[in-house]
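Inspection log for the structure reproduced underneath, given as structure tokens.
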Amino acid sequence: MKALAADIGGTRLRAALVDSNGEILDRRDGLTPPDPLDGIALLRSVWNELGKADAGAVAIAGSIRSSTGELVQSPNLPKWEGARLGAELSCEVLNDANAAALGEAWVGGLRGTGAAILLTLGTGVGGGILLDGRLWTGATGAAGELGHICVRPDGPKCGCGSTGCLEMYASGTAIGKAAGAGDAKEAERRARAGDAKARAAFDAAAEALGIVLAGLVNAFNPEAIAIGGGMVPTFDLLAPRIEALVKARTFRLAREGLRIVPATLGKNAGLLGAARAAFLARG
Ligand SMILES: [Zn+2]
């Protein structure tokens with residue numbers, strides 16, 4: 001079996017033909033058109049080029065109504081809001097971080113887990129929850145927006161309308177800003193060189209992550225938590241403080257055997273997760 005998969009982000013559109021072992025057979029990477037009609041046309045032609053498949057799925061940055069495959073809300077792709085991708089492309093549609101969780105559980109860092117959580121730290125903070133080996137998308141499809149769990153009610157205003165969300169502290173954007181660096185890469189370089197402000201930015205991110213993950217551990221009692229997204233190379237800077245906070249704030253039984261690990265699929269996580277969703281929908 002083969003699946004056509006796509007991962008549509010705020011900047012890049014990735015598409016691939018994937019086999020049922022999670023092998024990417026062929027792929028095309030490009031820029032995401034600002035207009036959804038152009039985007040859908042582009043994806044149709046790219047999928048056509050990639051060849052025939054038994055199933056298809058699109059992962060996209062935003063909330064997806066699970067009953068219709070409609071993109072309801074997307075801060076990164078505002079013009080795409082309302083696009084009925086599922087109907088237009090006759091395929092499954094899922095949130096990109098949810099897809100990444102599914103991909104990591106299939107052939108990545110969360111392989112073999114029944115209950116697991118993925119947090120993606122990049123421009124924003126996304127999440128995915130897996131329960132009994134299946135993606136938990138909730139009543140309407142919006143589950144897993146873990147980046148918008150409030151850490152500090154008196155914190156900065158977030159793009160989602162709330163204040164003090166995890167994303168305001170732990171995204172690459174937030175870490176770069178707090179470190180007084182141009183971007184997250186520069187913040188990492190400075191933190192590793194011992195710069196106090198950059199170290200404090202990583203500590204603040206790890207503290208926010210630890211608080212949120214402790215809550216999630218108490219709520220879901222997962223076997224594993226993976227940290228993914230563009231900040232994966234900084235896992236070692238974040239993990240000790242996250243682990244200490246999770247230990248301090250959870251029930252012993254809830255954290256028994258818990259593993260906190262880096263995600264392993266990199267930029268392919270969403271694409272592979274979309275393929276997995278396509279295969280699962282086929283049954
Ligand atoms: Zn928010």
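Chain labels follow the order of the structure tokens: the first chain is A, the next B, and so on; residue numbering restarts at 1 in every chain, and ligands are counted from 1 in their shown order.
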
Sorted by chain and rising residue number, list the residues of range 37-62 of chain A at most 12 Å from range 26-29 of chain A (counting only C-alpha atoms), each with its closest atom pair and distance in Å to one decimal, as a tab-separated table.
residue	atom	partner	partner_atom	distance
A:Leu42	CA	A:Arg28	CA	11.0
A:Leu43	CA	A:Arg28	CA	9.9
A:Ser45	CA	A:Arg28	CA	10.9
A:Val46	CA	A:Arg28	CA	7.2
A:Trp47	CA	A:Arg28	CA	9.0
A:Asn48	CA	A:Arg28	CA	11.4
A:Glu49	CA	A:Arg28	CA	9.3
A:Leu50	CA	A:Asp26	CA	6.7
A:Gly51	CA	A:Asp26	CA	9.2
A:Lys52	CA	A:Asp26	CA	11.7

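Secondary structure of range 96-166 of chain A, strand (DSSP E) only (DSSP, backbone atoms): Ala116, Ile117, Leu118, Leu119, Thr120, Leu121, Val125, Gly126, Gly127, Gly128, Ile129, Leu130, Leu131, Arg134 and Leu135 of chain A.
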
How would you write, as a CSV table (one decimal) with N, CA and C atoms, in the first residue's frame, the set of residues no farther than 6 Å from ligand 1 when counting only C-alpha atoms and all ligand atoms?
chain,number,residue,atom,x,y,z
A,148,HIS,N,-1.0,26.1,24.1
A,148,HIS,CA,-1.9,27.2,24.6
A,148,HIS,C,-2.5,26.9,25.9
A,158,CYS,N,-1.1,36.2,24.1
A,158,CYS,CA,-0.7,35.3,23.0
A,158,CYS,C,-1.6,35.5,21.8
A,159,GLY,N,-1.2,35.1,20.6
A,159,GLY,CA,-1.9,35.2,19.4
A,159,GLY,C,-3.3,34.5,19.5
A,160,CYS,N,-3.4,33.5,20.4
A,160,CYS,CA,-4.7,32.8,20.5
A,160,CYS,C,-5.8,33.5,21.2
A,162,SER,N,-5.5,34.3,24.5
A,162,SER,CA,-5.3,34.1,26.0
A,162,SER,C,-4.0,34.8,26.4
A,165,CYS,N,0.5,31.8,27.7
A,165,CYS,CA,0.5,30.4,27.2
A,165,CYS,C,1.9,29.9,27.2

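Residue nearest Thr113 in chain A, chosen from A:Ala226, A:Leu216, A:Leu265, A:Ala5 and counting only C-alpha atoms: A:Ala226.
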
* Asked: Can you list, as number ranges by chain, every residue of range 184-231 of chain A that DSSP puts in alpha helix (DSSP H)?
  -> A: 184-192, 196-220

Keeping only N, CA and C atoms, write the selected residues to a file as a short mmCIF file (atom, residue, chain, number, x, y, z; two decimals), in the first residue's frame.
data_model
loop_
_atom_site.label_atom_id
_atom_site.label_comp_id
_atom_site.auth_asym_id
_atom_site.auth_seq_id
_atom_site.Cartn_x
_atom_site.Cartn_y
_atom_site.Cartn_z
N ALA A 184 16.38 31.44 17.48
CA ALA A 184 16.60 30.35 18.43
C ALA A 184 18.00 29.74 18.27
N LYS A 185 18.46 29.67 17.01
CA LYS A 185 19.80 29.10 16.76
C LYS A 185 20.89 29.92 17.47
N GLU A 186 20.76 31.24 17.35
CA GLU A 186 21.71 32.14 17.99
C GLU A 186 21.59 32.03 19.52
N ALA A 187 20.35 31.89 20.01
CA ALA A 187 20.12 31.73 21.45
C ALA A 187 20.82 30.46 21.95
N GLU A 188 20.71 29.39 21.15
CA GLU A 188 21.36 28.12 21.52
C GLU A 188 22.87 28.29 21.58
N ARG A 189 23.41 28.95 20.55
CA ARG A 189 24.87 29.14 20.49
C ARG A 189 25.36 29.91 21.72
N ARG A 190 24.60 30.97 22.05
CA ARG A 190 25.00 31.78 23.21
C ARG A 190 24.86 31.01 24.52
N ALA A 191 23.79 30.21 24.65
CA ALA A 191 23.58 29.44 25.89
C ALA A 191 24.72 28.44 26.08
N ARG A 192 25.12 27.81 24.98
CA ARG A 192 26.21 26.82 25.07
C ARG A 192 27.54 27.49 25.38
N ALA A 196 24.62 34.32 30.16
CA ALA A 196 23.64 34.21 31.25
C ALA A 196 22.22 34.47 30.77
N LYS A 197 22.04 35.46 29.91
CA LYS A 197 20.69 35.79 29.44
C LYS A 197 20.11 34.65 28.59
N ALA A 198 20.95 34.05 27.75
CA ALA A 198 20.50 32.94 26.92
C ALA A 198 20.18 31.72 27.78
N ARG A 199 21.02 31.47 28.77
CA ARG A 199 20.75 30.34 29.68
C ARG A 199 19.42 30.54 30.39
N ALA A 200 19.18 31.79 30.84
CA ALA A 200 17.94 32.10 31.55
C ALA A 200 16.73 31.88 30.65
N ALA A 201 16.88 32.19 29.35
CA ALA A 201 15.78 31.98 28.40
C ALA A 201 15.45 30.49 28.29
N PHE A 202 16.49 29.65 28.22
CA PHE A 202 16.25 28.20 28.16
C PHE A 202 15.67 27.68 29.48
N ASP A 203 16.14 28.24 30.61
CA ASP A 203 15.59 27.83 31.91
C ASP A 203 14.11 28.19 32.02
N ALA A 204 13.76 29.40 31.56
CA ALA A 204 12.36 29.82 31.61
C ALA A 204 11.50 28.93 30.72
N ALA A 205 12.03 28.56 29.55
CA ALA A 205 11.31 27.66 28.65
C ALA A 205 11.12 26.30 29.31
N ALA A 206 12.20 25.78 29.90
CA ALA A 206 12.13 24.46 30.53
C ALA A 206 11.17 24.48 31.72
N GLU A 207 11.13 25.59 32.45
CA GLU A 207 10.22 25.67 33.59
C GLU A 207 8.77 25.63 33.12
N ALA A 208 8.46 26.43 32.09
CA ALA A 208 7.09 26.43 31.55
C ALA A 208 6.73 25.04 31.03
N LEU A 209 7.68 24.40 30.34
CA LEU A 209 7.43 23.05 29.81
C LEU A 209 7.21 22.06 30.95
N GLY A 210 8.02 22.18 32.00
CA GLY A 210 7.90 21.26 33.13
C GLY A 210 6.55 21.38 33.82
N ILE A 211 6.09 22.63 33.99
CA ILE A 211 4.80 22.85 34.64
C ILE A 211 3.67 22.23 33.81
N VAL A 212 3.69 22.49 32.50
CA VAL A 212 2.63 21.97 31.64
C VAL A 212 2.70 20.45 31.54
N LEU A 213 3.93 19.93 31.36
CA LEU A 213 4.05 18.47 31.21
C LEU A 213 3.68 17.75 32.49
N ALA A 214 3.97 18.34 33.65
CA ALA A 214 3.56 17.72 34.91
C ALA A 214 2.03 17.60 34.95
N GLY A 215 1.34 18.64 34.53
CA GLY A 215 -0.13 18.59 34.47
C GLY A 215 -0.60 17.50 33.54
N LEU A 216 0.07 17.39 32.38
CA LEU A 216 -0.34 16.38 31.40
C LEU A 216 -0.04 14.97 31.90
N VAL A 217 1.06 14.82 32.65
CA VAL A 217 1.39 13.51 33.21
C VAL A 217 0.32 13.11 34.23
N ASN A 218 -0.07 14.05 35.09
CA ASN A 218 -1.14 13.75 36.05
C ASN A 218 -2.45 13.44 35.35
N ALA A 219 -2.72 14.12 34.23
CA ALA A 219 -3.99 13.92 33.52
C ALA A 219 -4.00 12.63 32.71
N PHE A 220 -2.89 12.31 32.03
CA PHE A 220 -2.91 11.21 31.05
C PHE A 220 -2.03 10.03 31.39
#

* To do: Write out as a PyMOL selection string which residues come within 8 Å of Glu145 in chain A when counting only C-alpha atoms, dropping same-chain ones fewer than 6 positions away.
  => chain A and resi 126-128

* To do: Kindly indicate which residue among A:Asp236, A:Glu81, A:Asp19, A:Asp38 lies nearest to Asp54 in chain A, using only C-alpha atoms for the distances.
  => A:Asp19

* Closest of A:Arg276, A:Arg152, A:Lys2, A:Arg259 to Ala115 in chain A - atom-to-atom distances counting only C-alpha atoms -> A:Arg259

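By chain and then residue number, the residues within 7 Å of Leu121 in chain A are Gly124, Val125, Gly126, Ala170, Ser171, Gly172, Gly228, Gly229, Gly230 and Met231 of chain A, counting only C-alpha atoms and disregarding those fewer than 3 positions away in sequence.
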
Grab the residues selected above and save them as a PDB file, in the first residue's frame with C-alpha atoms.
ATOM      1  CA  GLY A 124       4.990  28.127  17.876  1.00  0.00           C
ATOM      2  CA  VAL A 125       4.312  25.199  20.194  1.00  0.00           C
ATOM      3  CA  GLY A 126       2.095  22.384  18.927  1.00  0.00           C
ATOM      4  CA  ALA A 170       8.923  27.696  25.042  1.00  0.00           C
ATOM      5  CA  SER A 171       8.641  28.334  21.295  1.00  0.00           C
ATOM      6  CA  GLY A 172      11.860  28.938  19.383  1.00  0.00           C
ATOM      7  CA  GLY A 228       9.982  17.645  18.647  1.00  0.00           C
ATOM      8  CA  GLY A 229      10.111  20.562  16.220  1.00  0.00           C
ATOM      9  CA  GLY A 230      12.997  22.841  15.311  1.00  0.00           C
ATOM     10  CA  MET A 231      14.238  23.023  18.927  1.00  0.00           C
TER      11      MET A 231
END

Could you produce a table of the residues of range 132-168 of chain A lying within 12 Å of range 58-77 of chain A, with the nearest pair of atoms per residue and their separation in Å rounded to one decimal, using only C-alpha atoms, ordered by chain and increasing residue number, as a tab-separated table?
residue	atom	partner	partner_atom	distance
A:Leu135	CA	A:Ser66	CA	12.0
A:Trp136	CA	A:Ser66	CA	11.1
A:Thr137	CA	A:Ser66	CA	7.7
A:Gly138	CA	A:Ser66	CA	8.8
A:Ala139	CA	A:Ser66	CA	8.5
A:Thr140	CA	A:Arg65	CA	5.7
A:Gly141	CA	A:Ser66	CA	4.7
A:Ala142	CA	A:Ser63	CA	5.5
A:Ala143	CA	A:Ser63	CA	8.6
A:Gly144	CA	A:Ser63	CA	9.7
A:Glu145	CA	A:Ser63	CA	8.7
A:Cys158	CA	A:Pro75	CA	11.0
A:Gly159	CA	A:Pro75	CA	7.4
A:Cys160	CA	A:Pro75	CA	7.9
A:Gly161	CA	A:Pro75	CA	11.0

Convert the current residue selection to file output with C-alpha atoms, as a CSV table (one decimal), in the first residue's frame.
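And here's part-v4.csv as it stands now:
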chain,number,residue,atom,x,y,z
A,135,LEU,CA,-4.5,10.0,18.1
A,136,TRP,CA,-6.9,11.8,20.5
A,137,THR,CA,-8.5,14.6,18.5
A,138,GLY,CA,-11.4,15.4,20.9
A,139,ALA,CA,-15.1,16.1,20.4
A,140,THR,CA,-14.7,18.4,17.4
A,141,GLY,CA,-11.1,17.8,16.3
A,142,ALA,CA,-9.3,20.5,18.3
A,143,ALA,CA,-7.5,18.4,20.9
A,144,GLY,CA,-3.8,18.7,21.4
A,145,GLU,CA,-3.3,22.5,21.5
A,158,CYS,CA,-0.7,35.3,23.0
A,159,GLY,CA,-1.9,35.2,19.4
A,160,CYS,CA,-4.7,32.8,20.5
A,161,GLY,CA,-6.4,35.5,22.6

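Here CA of Asp195 in chain A and CA of Leu166 in chain A stand 23.3 Å from one another.
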
Can you list, as an mmCIF file with C-alpha atoms, in the first residue's frame, every protein, DNA or RNA residue that comes within 8 Å of Val18 in chain A when you count only C-alpha atoms, leaving out same-chain residues fewer than 5 positions away?
data_model
loop_
_atom_site.group_PDB
_atom_site.id
_atom_site.type_symbol
_atom_site.label_atom_id
_atom_site.label_comp_id
_atom_site.auth_asym_id
_atom_site.auth_seq_id
_atom_site.Cartn_x
_atom_site.Cartn_y
_atom_site.Cartn_z
ATOM 1 C CA LYS A 2 1.066 3.556 -0.713
ATOM 2 C CA ALA A 3 -0.217 6.889 0.566
ATOM 3 C CA LEU A 4 0.060 10.418 -0.753
ATOM 4 C CA ALA A 5 0.856 12.735 2.122
ATOM 5 C CA GLU A 23 9.488 4.806 3.798
ATOM 6 C CA ILE A 24 9.362 8.026 1.752
ATOM 7 C CA LEU A 25 9.502 6.826 -1.866
ATOM 8 C CA ASP A 26 9.454 10.211 -3.569
ATOM 9 C CA LEU A 272 4.892 10.591 7.853
ATOM 10 C CA ALA A 275 0.668 9.052 5.643
#

* Asked: Which residues, written as number ranges by chain, have at least one atom at most 12 Å from Glu223 in chain A, with only C-alpha atoms counted and residues fewer than 3 positions away on the same chain left out?
  -> A: 105, 109-118, 129-133, 216-218, 220, 226, 253-261

For those residues, write C-alpha atoms to a file as a PDB file, in the first residue's frame.
ATOM      1  CA  ALA A 105       4.432   6.839  17.301  1.00  0.00           C
ATOM      2  CA  GLY A 109      10.745   8.353  19.047  1.00  0.00           C
ATOM      3  CA  LEU A 110       7.347   7.266  20.396  1.00  0.00           C
ATOM      4  CA  ARG A 111       7.275   3.921  18.584  1.00  0.00           C
ATOM      5  CA  GLY A 112       5.673   1.153  20.602  1.00  0.00           C
ATOM      6  CA  THR A 113       3.859   3.436  23.043  1.00  0.00           C
ATOM      7  CA  GLY A 114       0.148   3.250  23.813  1.00  0.00           C
ATOM      8  CA  ALA A 115      -0.210   6.486  25.773  1.00  0.00           C
ATOM      9  CA  ALA A 116       2.144   9.258  24.708  1.00  0.00           C
ATOM     10  CA  ILE A 117       2.408  12.997  24.221  1.00  0.00           C
ATOM     11  CA  LEU A 118       4.365  15.010  21.663  1.00  0.00           C
ATOM     12  CA  ILE A 129      -1.969  13.225  22.433  1.00  0.00           C
ATOM     13  CA  LEU A 130      -1.991   9.488  21.764  1.00  0.00           C
ATOM     14  CA  LEU A 131      -4.220   7.267  23.877  1.00  0.00           C
ATOM     15  CA  ASP A 132      -4.374   3.495  23.454  1.00  0.00           C
ATOM     16  CA  GLY A 133      -2.149   3.929  20.388  1.00  0.00           C
ATOM     17  CA  LEU A 216      -0.336  16.380  31.402  1.00  0.00           C
ATOM     18  CA  VAL A 217       1.391  13.505  33.215  1.00  0.00           C
ATOM     19  CA  ASN A 218      -1.136  13.749  36.054  1.00  0.00           C
ATOM     20  CA  PHE A 220      -2.911  11.211  31.048  1.00  0.00           C
ATOM     21  CA  ALA A 226       8.651  13.435  23.055  1.00  0.00           C
ATOM     22  CA  LEU A 253       2.357   6.236  39.997  1.00  0.00           C
ATOM     23  CA  ALA A 254       1.649   8.724  37.175  1.00  0.00           C
ATOM     24  CA  ARG A 255       5.381   9.176  36.445  1.00  0.00           C
ATOM     25  CA  GLU A 256       6.424   5.564  37.018  1.00  0.00           C
ATOM     26  CA  GLY A 257       8.495   4.424  34.022  1.00  0.00           C
ATOM     27  CA  LEU A 258       7.895   7.723  32.191  1.00  0.00           C
ATOM     28  CA  ARG A 259      10.424   8.527  29.438  1.00  0.00           C
ATOM     29  CA  ILE A 260      11.021  12.059  28.202  1.00  0.00           C
ATOM     30  CA  VAL A 261      12.781  11.778  24.841  1.00  0.00           C
TER      31      VAL A 261
END

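Between Met168 in chain A and the candidates A:Pro153, A:Gly182, A:Pro33, A:Gly147, the tightest atom-to-atom separation, counting only C-alpha atoms, involves A:Gly147.
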
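The nearest approach to Ala55 in chain A among the residues A:Ala281, A:Leu146, A:Ala269, A:Leu13, with only C-alpha atoms taken into account, belongs to A:Ala281.
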